[in-house]
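Raw contents of coords.txt, compact mmCIF, C-alpha atoms:
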```txt
# COMPACT_ATOMS: atom_id res chain seq x y z
CA MET A 1 -26.47 47.19 10.60
CA ALA A 2 -28.33 43.91 10.36
CA SER A 3 -32.05 43.81 11.02
CA PRO A 4 -33.10 42.46 14.44
CA LEU A 5 -35.10 39.85 12.57
CA GLU A 6 -32.04 38.49 10.81
CA GLN A 7 -31.47 36.07 13.71
CA PHE A 8 -34.66 34.22 12.78
CA GLU A 9 -33.57 33.40 9.25
CA ILE A 10 -33.52 29.76 8.28
CA LYS A 11 -30.20 28.85 6.71
CA THR A 12 -29.77 25.61 4.88
CA ILE A 13 -26.82 23.52 6.03
CA ILE A 14 -27.38 20.29 4.08
CA PRO A 15 -29.87 20.53 1.18
CA ILE A 16 -32.20 17.50 1.18
CA GLU A 17 -35.19 16.94 -1.08
CA ILE A 18 -37.65 14.07 -0.66
CA GLY A 19 -40.33 13.65 -3.29
CA GLY A 20 -39.92 17.18 -4.51
CA ILE A 21 -40.34 18.61 -1.03
CA ASP A 22 -37.49 20.61 0.47
CA VAL A 23 -36.61 19.06 3.83
CA SER A 24 -33.10 20.47 4.07
CA PHE A 25 -31.14 20.18 7.28
CA THR A 26 -31.07 23.81 8.45
CA ASN A 27 -29.83 25.79 11.43
CA SER A 28 -33.28 25.15 12.93
CA SER A 29 -32.88 21.40 12.40
CA LEU A 30 -29.42 21.57 13.95
CA MET A 31 -30.81 23.18 17.11
CA MET A 32 -33.58 20.58 17.26
CA ALA A 33 -31.02 17.81 16.95
CA LEU A 34 -28.90 19.47 19.66
CA THR A 35 -32.02 19.68 21.82
CA VAL A 36 -32.55 15.95 21.42
CA VAL A 37 -28.92 15.19 22.21
CA ILE A 38 -28.65 17.54 25.18
CA GLY A 39 -32.18 17.14 26.55
CA GLY A 40 -32.37 13.39 26.00
CA GLY A 41 -28.73 12.87 26.95
CA LEU A 42 -29.04 14.86 30.16
CA VAL A 43 -32.07 12.95 31.40
CA ALA A 44 -30.76 9.59 30.19
CA LEU A 45 -27.41 10.21 31.87
CA ALA A 46 -29.14 11.37 35.04
CA ALA A 47 -31.20 8.19 35.00
CA SER A 48 -28.35 5.83 34.21
CA ARG A 49 -26.81 5.48 37.66
CA GLY A 50 -29.97 5.05 39.63
CA ALA A 51 -28.12 5.50 42.89
CA MET A 52 -29.93 5.31 46.22
CA VAL A 53 -28.30 8.60 47.18
CA PRO A 54 -28.36 10.73 44.02
CA GLY A 55 -25.44 12.79 42.78
CA ARG A 56 -25.77 16.25 41.25
CA LEU A 57 -26.85 15.20 37.76
CA GLN A 58 -29.21 12.52 39.05
CA THR A 59 -30.80 15.09 41.35
CA ILE A 60 -31.47 17.37 38.39
CA GLY A 61 -33.12 14.51 36.53
CA GLU A 62 -35.20 13.58 39.55
CA ILE A 63 -36.24 17.19 40.16
CA LEU A 64 -37.41 17.47 36.52
CA TYR A 65 -39.25 14.16 36.88
CA GLU A 66 -40.95 15.13 40.12
CA PHE A 67 -41.76 18.57 38.74
CA ILE A 68 -43.68 17.24 35.75
CA ALA A 69 -45.16 14.34 37.75
CA GLY A 70 -46.44 16.85 40.33
CA LEU A 71 -47.81 19.08 37.59
CA ILE A 72 -49.75 16.18 36.09
CA ARG A 73 -50.94 14.96 39.49
CA GLU A 74 -52.29 18.41 40.34
CA THR A 75 -53.99 19.13 37.03
CA ILE A 76 -55.15 15.78 35.61
CA GLY A 77 -55.04 13.64 38.75
CA PRO A 78 -54.09 9.97 38.98
CA ASP A 79 -55.51 9.31 35.49
CA GLY A 80 -52.75 11.47 34.03
CA ARG A 81 -49.96 8.96 34.61
CA LYS A 82 -50.05 7.55 31.11
CA TYR A 83 -49.64 11.00 29.54
CA PHE A 84 -46.51 11.61 31.60
CA PRO A 85 -43.92 10.65 28.91
CA ILE A 86 -45.44 12.86 26.23
CA ILE A 87 -45.85 15.87 28.53
CA PHE A 88 -42.34 15.40 29.90
CA THR A 89 -40.99 15.28 26.34
CA LEU A 90 -42.94 18.39 25.34
CA PHE A 91 -41.60 20.24 28.37
CA MET A 92 -38.01 19.14 27.85
CA PHE A 93 -38.12 19.84 24.11
CA ILE A 94 -39.39 23.39 24.54
CA LEU A 95 -37.27 24.09 27.64
CA VAL A 96 -33.98 22.93 26.12
CA GLY A 97 -34.85 24.56 22.77
CA ASN A 98 -35.56 27.89 24.49
CA MET A 99 -32.44 27.66 26.64
CA LEU A 100 -30.18 26.80 23.71
CA GLY A 101 -31.70 29.78 21.92
CA MET A 102 -30.41 32.02 24.72
CA ILE A 103 -26.82 31.27 23.68
CA PRO A 104 -25.58 34.18 21.52
CA TYR A 105 -25.41 33.44 17.77
CA SER A 106 -27.47 30.30 18.16
CA PHE A 107 -30.98 29.86 16.83
CA THR A 108 -34.30 29.57 18.66
CA PHE A 109 -36.53 27.13 16.80
CA THR A 110 -39.48 27.94 19.08
CA SER A 111 -39.46 31.47 17.64
CA HIS A 112 -41.01 30.08 14.46
CA ILE A 113 -44.79 29.96 14.40
CA ILE A 114 -44.85 26.85 12.22
CA VAL A 115 -42.93 24.86 14.84
CA THR A 116 -45.04 25.98 17.80
CA PHE A 117 -48.22 25.63 15.75
CA VAL A 118 -47.49 22.04 14.75
CA MET A 119 -46.84 21.16 18.41
CA ALA A 120 -49.98 22.95 19.58
CA PHE A 121 -52.04 21.47 16.76
CA VAL A 122 -50.89 17.93 17.58
CA VAL A 123 -51.81 18.54 21.22
CA PHE A 124 -55.20 19.91 20.12
CA ILE A 125 -55.96 17.02 17.75
CA GLY A 126 -54.73 14.50 20.31
CA CYS A 127 -56.99 15.94 23.02
CA THR A 128 -59.97 16.02 20.69
CA ILE A 129 -59.45 12.39 19.67
CA LEU A 130 -59.03 11.49 23.34
CA GLY A 131 -62.30 13.27 24.17
CA PHE A 132 -64.25 11.50 21.43
CA SER A 133 -62.80 8.10 22.27
CA ARG A 134 -63.67 8.59 25.94
CA HIS A 135 -67.14 10.06 25.58
CA GLY A 136 -68.24 9.42 21.97
CA LEU A 137 -70.76 11.96 20.72
CA HIS A 138 -71.36 13.01 24.30
CA PHE A 139 -68.12 14.95 23.92
CA PHE A 140 -70.18 17.71 22.24
CA SER A 141 -71.76 18.45 25.62
CA PHE A 142 -68.39 20.03 26.42
CA PHE A 143 -69.59 23.05 24.42
CA ILE A 144 -72.60 23.58 26.67
CA PRO A 145 -71.59 25.32 29.87
CA PRO A 146 -73.08 23.46 32.85
CA GLY A 147 -76.09 25.12 34.43
CA ALA A 148 -76.72 27.50 31.55
CA PRO A 149 -80.41 27.99 30.63
CA VAL A 150 -81.48 26.48 27.31
CA TRP A 151 -82.38 29.81 25.70
CA MET A 152 -78.76 30.90 26.19
CA TRP A 153 -77.41 27.94 24.21
CA PRO A 154 -77.55 29.54 20.76
CA LEU A 155 -75.27 32.23 22.08
CA LEU A 156 -73.04 30.15 24.35
CA ILE A 157 -72.39 27.17 22.08
CA PRO A 158 -70.73 29.22 19.28
CA ILE A 159 -68.64 31.03 21.87
CA GLU A 160 -67.50 27.74 23.40
CA VAL A 161 -66.79 26.22 19.98
CA ILE A 162 -64.74 29.23 18.91
CA SER A 163 -62.85 29.26 22.18
CA TYR A 164 -62.14 25.56 21.79
CA LEU A 165 -60.99 25.92 18.19
CA SER A 166 -58.74 28.85 19.06
CA ARG A 167 -56.83 26.76 21.61
CA PRO A 168 -54.09 25.62 19.20
CA ILE A 169 -53.70 29.20 18.00
CA SER A 170 -53.40 30.71 21.47
CA LEU A 171 -51.13 27.90 22.62
CA SER A 172 -48.77 28.27 19.65
CA VAL A 173 -48.84 32.05 19.40
CA ARG A 174 -48.09 32.47 23.11
CA LEU A 175 -44.80 30.58 22.86
CA PHE A 176 -43.86 31.92 19.43
CA ALA A 177 -44.62 35.56 20.29
CA ASN A 178 -42.74 35.41 23.57
CA MET A 179 -39.65 34.05 21.88
CA LEU A 180 -39.90 36.38 18.93
CA ALA A 181 -40.43 39.48 21.06
CA GLY A 182 -37.77 38.60 23.60
CA HIS A 183 -35.05 37.87 21.10
CA THR A 184 -35.95 40.86 18.92
CA MET A 185 -35.83 43.14 21.93
CA LEU A 186 -32.45 41.77 22.99
CA LYS A 187 -31.13 42.34 19.47
CA VAL A 188 -32.47 45.90 19.27
CA ILE A 189 -30.97 46.85 22.63
CA ALA A 190 -27.71 45.15 21.66
CA GLY A 191 -27.76 47.43 18.60
CA PHE A 192 -28.00 50.44 20.93
CA VAL A 193 -24.86 49.33 22.74
CA PHE A 194 -22.89 49.66 19.52
CA ALA A 195 -24.70 52.79 18.37
CA LEU A 196 -24.03 54.68 21.61
CA GLY A 197 -20.46 53.50 21.76
CA LEU A 198 -18.13 53.77 24.74
CA LEU A 199 -19.68 56.96 26.01
CA ALA A 200 -23.22 55.83 26.83
CA GLY A 201 -23.22 52.27 25.57
CA TRP A 202 -22.86 50.78 29.01
CA LEU A 203 -26.44 51.83 29.85
CA PRO A 204 -28.16 49.53 27.31
CA LEU A 205 -25.51 46.94 28.18
CA LEU A 206 -26.75 46.91 31.77
CA LEU A 207 -30.29 46.68 30.47
CA ILE A 208 -29.48 43.81 28.15
CA THR A 209 -27.82 41.94 31.01
CA ALA A 210 -30.93 42.24 33.13
CA LEU A 211 -33.16 41.35 30.19
CA THR A 212 -31.10 38.24 29.46
CA GLY A 213 -31.94 37.05 32.97
CA LEU A 214 -35.59 37.81 32.33
CA GLU A 215 -35.46 35.97 29.01
CA ILE A 216 -34.01 32.90 30.70
CA LEU A 217 -36.91 33.00 33.13
CA ILE A 218 -39.35 33.35 30.21
CA ALA A 219 -37.64 30.46 28.42
CA PHE A 220 -38.45 28.26 31.40
CA LEU A 221 -41.85 29.78 32.03
CA GLN A 222 -43.09 29.28 28.48
CA ALA A 223 -42.07 25.62 28.53
CA TYR A 224 -43.93 25.28 31.82
CA VAL A 225 -47.01 27.10 30.48
CA PHE A 226 -47.07 24.89 27.38
CA ALA A 227 -46.90 21.78 29.55
CA ILE A 228 -49.54 22.92 32.04
CA LEU A 229 -51.97 23.96 29.30
CA THR A 230 -51.49 20.60 27.61
CA CYS A 231 -52.36 18.99 30.95
CA LEU A 232 -55.48 21.14 31.27
CA TYR A 233 -56.62 20.27 27.75
CA ILE A 234 -56.13 16.57 28.48
CA LYS A 235 -58.11 16.99 31.68
CA ASP A 236 -60.91 18.71 29.76
CA ALA A 237 -60.98 15.84 27.27
CA LEU A 238 -61.11 13.28 30.10
CA GLU A 239 -63.66 14.97 32.32
CA LEU A 240 -65.42 17.35 29.91
CA HIS A 241 -66.19 19.92 32.62
CA MET B 1 -40.07 38.28 8.54
CA PRO B 2 -38.47 34.84 8.10
CA GLN B 3 -41.29 33.20 10.11
CA LEU B 4 -43.76 33.84 7.31
CA ASP B 5 -41.78 32.22 4.52
CA PRO B 6 -43.71 29.04 3.62
CA ALA B 7 -40.74 27.65 1.72
CA THR B 8 -39.06 26.68 4.98
CA PHE B 9 -42.17 25.15 6.59
CA ALA B 10 -41.79 21.64 5.18
CA SER B 11 -38.22 21.33 6.39
CA GLN B 12 -39.03 22.71 9.84
CA VAL B 13 -42.03 20.45 10.33
CA PHE B 14 -40.14 17.44 9.05
CA TRP B 15 -37.22 17.93 11.42
CA LEU B 16 -39.51 18.87 14.25
CA VAL B 17 -41.37 15.57 13.89
CA VAL B 18 -38.15 13.58 13.56
CA SER B 19 -36.40 15.16 16.53
CA PHE B 20 -39.51 15.14 18.71
CA VAL B 21 -40.16 11.47 18.03
CA VAL B 22 -36.53 10.61 18.76
CA LEU B 23 -36.62 12.59 22.02
CA THR B 24 -39.90 10.95 22.98
CA LEU B 25 -38.44 7.50 22.39
CA ILE B 26 -35.28 8.26 24.39
CA LEU B 27 -37.21 9.68 27.33
CA TRP B 28 -40.18 7.33 27.29
CA ARG B 29 -38.32 4.09 26.65
CA VAL B 30 -34.97 4.67 28.33
CA ALA B 31 -34.69 7.54 30.75
CA LEU B 32 -38.03 7.94 32.50
CA PRO B 33 -38.61 4.27 33.48
CA ARG B 34 -35.18 4.24 35.13
CA ILE B 35 -35.82 7.41 37.11
CA SER B 36 -39.21 6.07 38.05
CA SER B 37 -37.81 2.76 39.31
CA THR B 38 -35.01 4.57 41.18
CA LEU B 39 -37.53 6.79 42.92
CA GLU B 40 -39.73 3.81 43.72
CA ASN B 41 -36.83 1.82 45.13
CA ARG B 42 -35.79 4.74 47.27
CA GLN B 43 -39.33 5.21 48.55
CA GLN B 44 -39.55 1.50 49.38
CA ARG B 45 -36.20 1.64 51.14
CA ILE B 46 -37.27 4.68 53.16
CA ASP B 47 -40.58 3.06 54.02
CA SER B 48 -38.96 -0.18 55.13
CA ASP B 49 -36.36 1.75 57.15
CA ILE B 50 -39.10 3.70 58.87
CA THR B 51 -41.03 0.51 59.64
CA ARG B 52 -37.91 -1.09 61.06
CA ALA B 53 -37.12 1.97 63.13
CA GLU B 54 -40.64 1.91 64.50
CA GLU B 55 -40.32 -1.77 65.35
CA ILE B 56 -37.05 -1.17 67.15
CA ALA B 57 -38.56 1.77 69.02
CA THR B 58 -41.47 -0.39 70.20
CA GLU B 59 -39.03 -3.08 71.26
CA ALA B 60 -36.94 -0.57 73.18
CA GLU B 61 -40.05 0.70 74.88
CA GLY B 62 -40.95 -2.83 75.89
CA VAL B 63 -37.49 -3.41 77.29
CA LEU B 64 -37.64 -0.14 79.17
CA SER B 65 -41.00 -0.91 80.75
CA ALA B 66 -39.80 -4.41 81.70
CA TYR B 67 -36.72 -2.88 83.27
CA GLU B 68 -38.82 -0.40 85.20
CA GLU B 69 -41.09 -3.18 86.40
CA GLU B 70 -38.08 -5.19 87.55
CA LEU B 71 -36.72 -2.13 89.29
CA THR B 72 -39.97 -1.52 91.15
CA LYS B 73 -40.13 -5.17 92.15
CA ALA B 74 -36.55 -5.10 93.37
CA ARG B 75 -37.21 -1.95 95.37
CA PHE B 76 -40.26 -3.51 96.91
CA SER B 77 -38.51 -6.70 97.87
CA ALA B 78 -35.56 -4.74 99.24
CA GLN B 79 -37.89 -2.78 101.44
CA GLU B 80 -39.56 -5.96 102.60
CA GLU B 81 -36.20 -7.49 103.38
CA LEU B 82 -35.20 -4.41 105.32
CA HIS B 83 -38.44 -4.49 107.24
CA LYS B 84 -37.99 -8.15 108.09
CA ALA B 85 -34.44 -7.62 109.23
CA ALA B 86 -35.52 -4.74 111.45
CA GLU B 87 -38.29 -6.86 112.98
CA GLU B 88 -35.90 -9.75 113.61
CA ALA B 89 -33.45 -7.43 115.28
CA ILE B 90 -36.17 -6.05 117.51
CA ALA B 91 -37.36 -9.54 118.40
CA GLU B 92 -33.86 -10.71 119.22
CA THR B 93 -33.21 -7.67 121.34
CA GLU B 94 -36.35 -8.39 123.24
CA THR B 95 -35.54 -12.04 123.87
CA ARG B 96 -32.05 -11.17 124.98
CA ASN B 97 -33.40 -8.45 127.21
CA ASN B 98 -35.85 -10.88 128.73
CA ALA B 99 -33.17 -13.50 129.26
CA LEU B 100 -30.94 -10.96 130.91
CA THR B 101 -33.73 -9.71 133.14
CA GLU B 102 -34.58 -13.28 134.15
CA LYS B 103 -30.99 -14.08 134.89
CA LEU B 104 -30.64 -10.93 136.91
CA ALA B 105 -33.78 -11.77 138.81
CA THR B 106 -32.62 -15.32 139.66
CA ASN B 107 -29.21 -13.97 140.64
CA SER B 108 -30.73 -11.46 142.99
CA ASP B 109 -33.09 -14.13 144.42
CA THR B 110 -30.23 -16.46 145.29
CA ALA B 111 -28.34 -13.53 146.71
CA HIS B 112 -31.30 -12.64 148.89
CA GLN B 113 -31.62 -16.24 150.03
CA ARG B 114 -27.93 -16.36 150.89
CA ILE B 115 -28.21 -13.11 152.72
CA ASP B 116 -31.24 -14.42 154.62
CA GLY B 117 -29.41 -17.64 155.52
CA ALA B 118 -26.38 -15.73 156.65
CA ARG B 119 -28.52 -13.47 158.78
CA LYS B 120 -30.35 -16.45 160.37
CA ASP B 121 -27.00 -18.13 161.06
CA ALA B 122 -25.72 -14.92 162.52
CA ILE B 123 -28.85 -14.52 164.67
CA ALA B 124 -28.56 -18.18 165.82
CA ASN B 125 -24.92 -17.65 166.76
CA VAL B 126 -25.77 -14.41 168.46
CA SER B 127 -28.66 -15.97 170.50
CA GLY B 128 -26.26 -18.62 171.99
CA MET B 129 -23.80 -15.93 172.99
CA VAL B 130 -26.56 -13.66 174.33
CA GLU B 131 -27.92 -16.53 176.47
CA ASP B 132 -24.48 -17.09 178.04
CA ILE B 133 -24.05 -13.38 178.60
CA ALA B 134 -27.50 -13.11 180.07
CA ARG B 135 -26.98 -16.09 182.42
CA GLN B 136 -23.65 -14.78 183.66
CA ALA B 137 -25.10 -11.32 184.11
CA VAL B 138 -27.98 -12.76 186.15
CA GLU B 139 -25.48 -14.87 188.29
CA ARG B 140 -23.41 -11.80 189.06
CA LEU B 141 -26.35 -9.54 189.77
CA VAL B 142 -28.62 -11.82 191.79
CA GLU B 143 -26.14 -14.65 192.51
CA THR B 144 -28.55 -17.33 191.39
CA THR B 145 -28.34 -19.60 188.43
CA PRO B 146 -31.33 -18.92 186.23
CA ASP B 147 -33.24 -21.63 184.47
CA SER B 148 -31.57 -22.03 181.12
CA SER B 149 -34.82 -22.55 179.22
CA ALA B 150 -36.31 -19.37 180.69
CA VAL B 151 -33.22 -17.45 179.59
CA ALA B 152 -33.42 -18.93 176.10
CA SER B 153 -37.07 -17.96 175.68
CA ALA B 154 -36.45 -14.44 176.99
CA VAL B 155 -33.52 -13.97 174.61
CA ASN B 156 -35.51 -15.36 171.73
CA ALA B 157 -38.33 -13.02 172.49
CA ALA B 158 -36.00 -10.05 172.57
CA LEU B 159 -34.26 -11.04 169.38
CA GLY B 160 -37.54 -11.83 167.72
CA GLU B 161 -38.59 -8.20 168.33
CA ARG B 162 -35.52 -7.04 166.38
CA THR B 163 -35.90 -9.16 163.37
```

What would you get if you wrote out this structure as structure tokens?
Amino acid sequence: MASPLEQFEIKTIIPIEIGGIDVSFTNSSLMMALTVVIGGGLVALAASRGAMVPGRLQTIGEILYEFIAGLIRETIGPDGRKYFPIIFTLFMFILVGNMLGMIPYSFTFTSHIIVTFVMAFVVFIGCTILGFSRHGLHFFSFFIPPGAPVWMWPLLIPIEVISYLSRPISLSVRLFANMLAGHTMLKVIAGFVFALGLLAGWLPLLLITALTGLEILIAFLQAYVFAILTCLYIKDALELH
Amino acid sequence: MPQLDPATFASQVFWLVVSFVVLTLILWRVALPRISSTLENRQQRIDSDITRAEEIATEAEGVLSAYEEELTKARFSAQEELHKAAEEAIAETETRNNALTEKLATNSDTAHQRIDGARKDAIANVSGMVEDIARQAVERLVETTPDSSAVASAVNAALGERT
């Protein structure tokens, strides 16, 4: 029987090489492209009518819009308006990617650490640049907890710096590990269904059905968590404390 | 574990950047501004509808209070009218009553006068007859003719006692 990790294998569909670097169009790239088409298409289509009384699709688009707008309003405040498009895109990209990954035999590109790490790292670098451009060198005061006595600084500042630097790691690993664990678990339990056969196979089948529901919830939740943490990091960069 | 194979990293990052940028452009440039303007238009429409509804409600309230004022006024004037009519009726009754009483009084006065006249006439007639009777009675009883003036005064005295 195939390994539960087999589903994460990258398979080249169209081999492409630019400047000696392999940038082949793979199953991962295909899912990303599908994410763009479905995610972008859904929202664009929902936006296209612009009716005073929205239909079903338009309502979905407006709910997504209001959801992210509310998230930004609550975490960053009114200053967060200009970061709305990028946070909305992040959310949609991860959400649709995770959801498409729930389809059997498809591929979950968010289950690859390199993908989640690049996204988290871009968020991290972006927030750091934002912090320096807002506050200049004063941004370093972010690493001094407010109200802490001076003699504690030698201890607190390294802790704060490490915690700040580990942000992209925690942000990327959280999404990657959730996807990896969830899909691996589904695959392992699916293997039990076949191993136990007709006699007792229905038991893991019930379990896998319930877990699929849970995984769909996690697929949404992780996209939400990624978006809300990005908002919090932007808020930290804007307000320092 | 396929996740740890660095050979696939370049391709994944490349396509991640490409697809993410494309999605960003679609959402940022096309989809989101439209949703935003739709939501704004709807909010404006709702706001203006609410303002208009409030205006109409105030107007209706004004009309209602004006109507109530009119109604009170009309009630008041109706009462006044009623009062006046009642007073007029009373006054007219009184004048008519008075007129009737007066008329009755004059009628009874003239009647009294007529009765008095009739009685005097009757008494006058009676005194003539009584004088004759008295004279004849005297002639038969004492066989003398009494002085007519003495008879008249005696009769008058007797009659005067009656009246």

### Query
Counting all atoms listed in the file, which residues from chain B have an atom at most 8 Å from any atom of chain A, and could you show them as a VMD selection string?
chain B and resid 1 to 3 7 to 16 19 to 20 22 to 24 26 to 28 30 to 32 34 to 35 38 to 39 41 to 42

### Query
So how many Å separate atom CA of Ala223 of chain A and atom CA of Phe91 of chain A, to one decimal?
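Computing it gives 5.4 Å between the two atoms.
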
### Query
From the list B:Ala89, B:Val151, B:Leu100, B:Ala53, which residue is nearest Asp132 of chain B when using all atoms listed in the file?
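Using all atoms listed in the file, the shortest distance to Asp132 of chain B belongs to B:Val151.
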
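The space between atom CA of Glu143 of chain B and atom CA of Val155 of chain B spans 19.4 Å.
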
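We find atom CA of Phe143 of chain A and atom CA of Ile157 of chain A to be spaced 5.5 Å apart.
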
### Query
Which residue gives the smallest distance to Leu214 of chain A among A:Leu155, A:Met179, A:Ile13, A:Ala237, with all atoms listed in the file counted?
A:Met179

### Spatial neighbours of Ile216 of chain A, max dist 12 Å, all atoms listed in the file, sep filter under 3 positions, as a ChimeraX atom specification
/A:95-103,178-179,182-183,186,209-213,219-223

### Query
Which one of A:Ile208, A:Trp151, A:Leu229, A:Val122 sits closest to Val17 of chain B if you count only C-alpha atoms?
A:Val122

#### Entry: Shell of 12 Å around Glu239 of chain A, all atoms listed in the file, local chain residues under 3 positions omitted, as a PyMOL selection string
chain A and resi 75-77+79-80+127+130-132+134-135+138-139+141-142+232-236

Centre, edges in Å (one decimal): axis-aligned box, segment 145-155 of chain A, 5 Å padding on all six sides, as JSON:
```
{"center_x": -77.0, "center_y": 27.8, "center_z": 27.6, "size_x": 20.8, "size_y": 18.8, "size_z": 23.7}
```

### Counting all atoms listed in the file, the residue of B:Lys103, B:His83, B:Thr51, B:Val130 that sits nearest Ser153 of chain B
B:Val130

### Query
Out of A:His241, A:Arg81, A:Phe67, A:Ile18, which residue has the shortest atom-to-atom distance to Ala227 of chain A when counting all atoms listed in the file?
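Under the stated criterion, the closest residue is A:Phe67.
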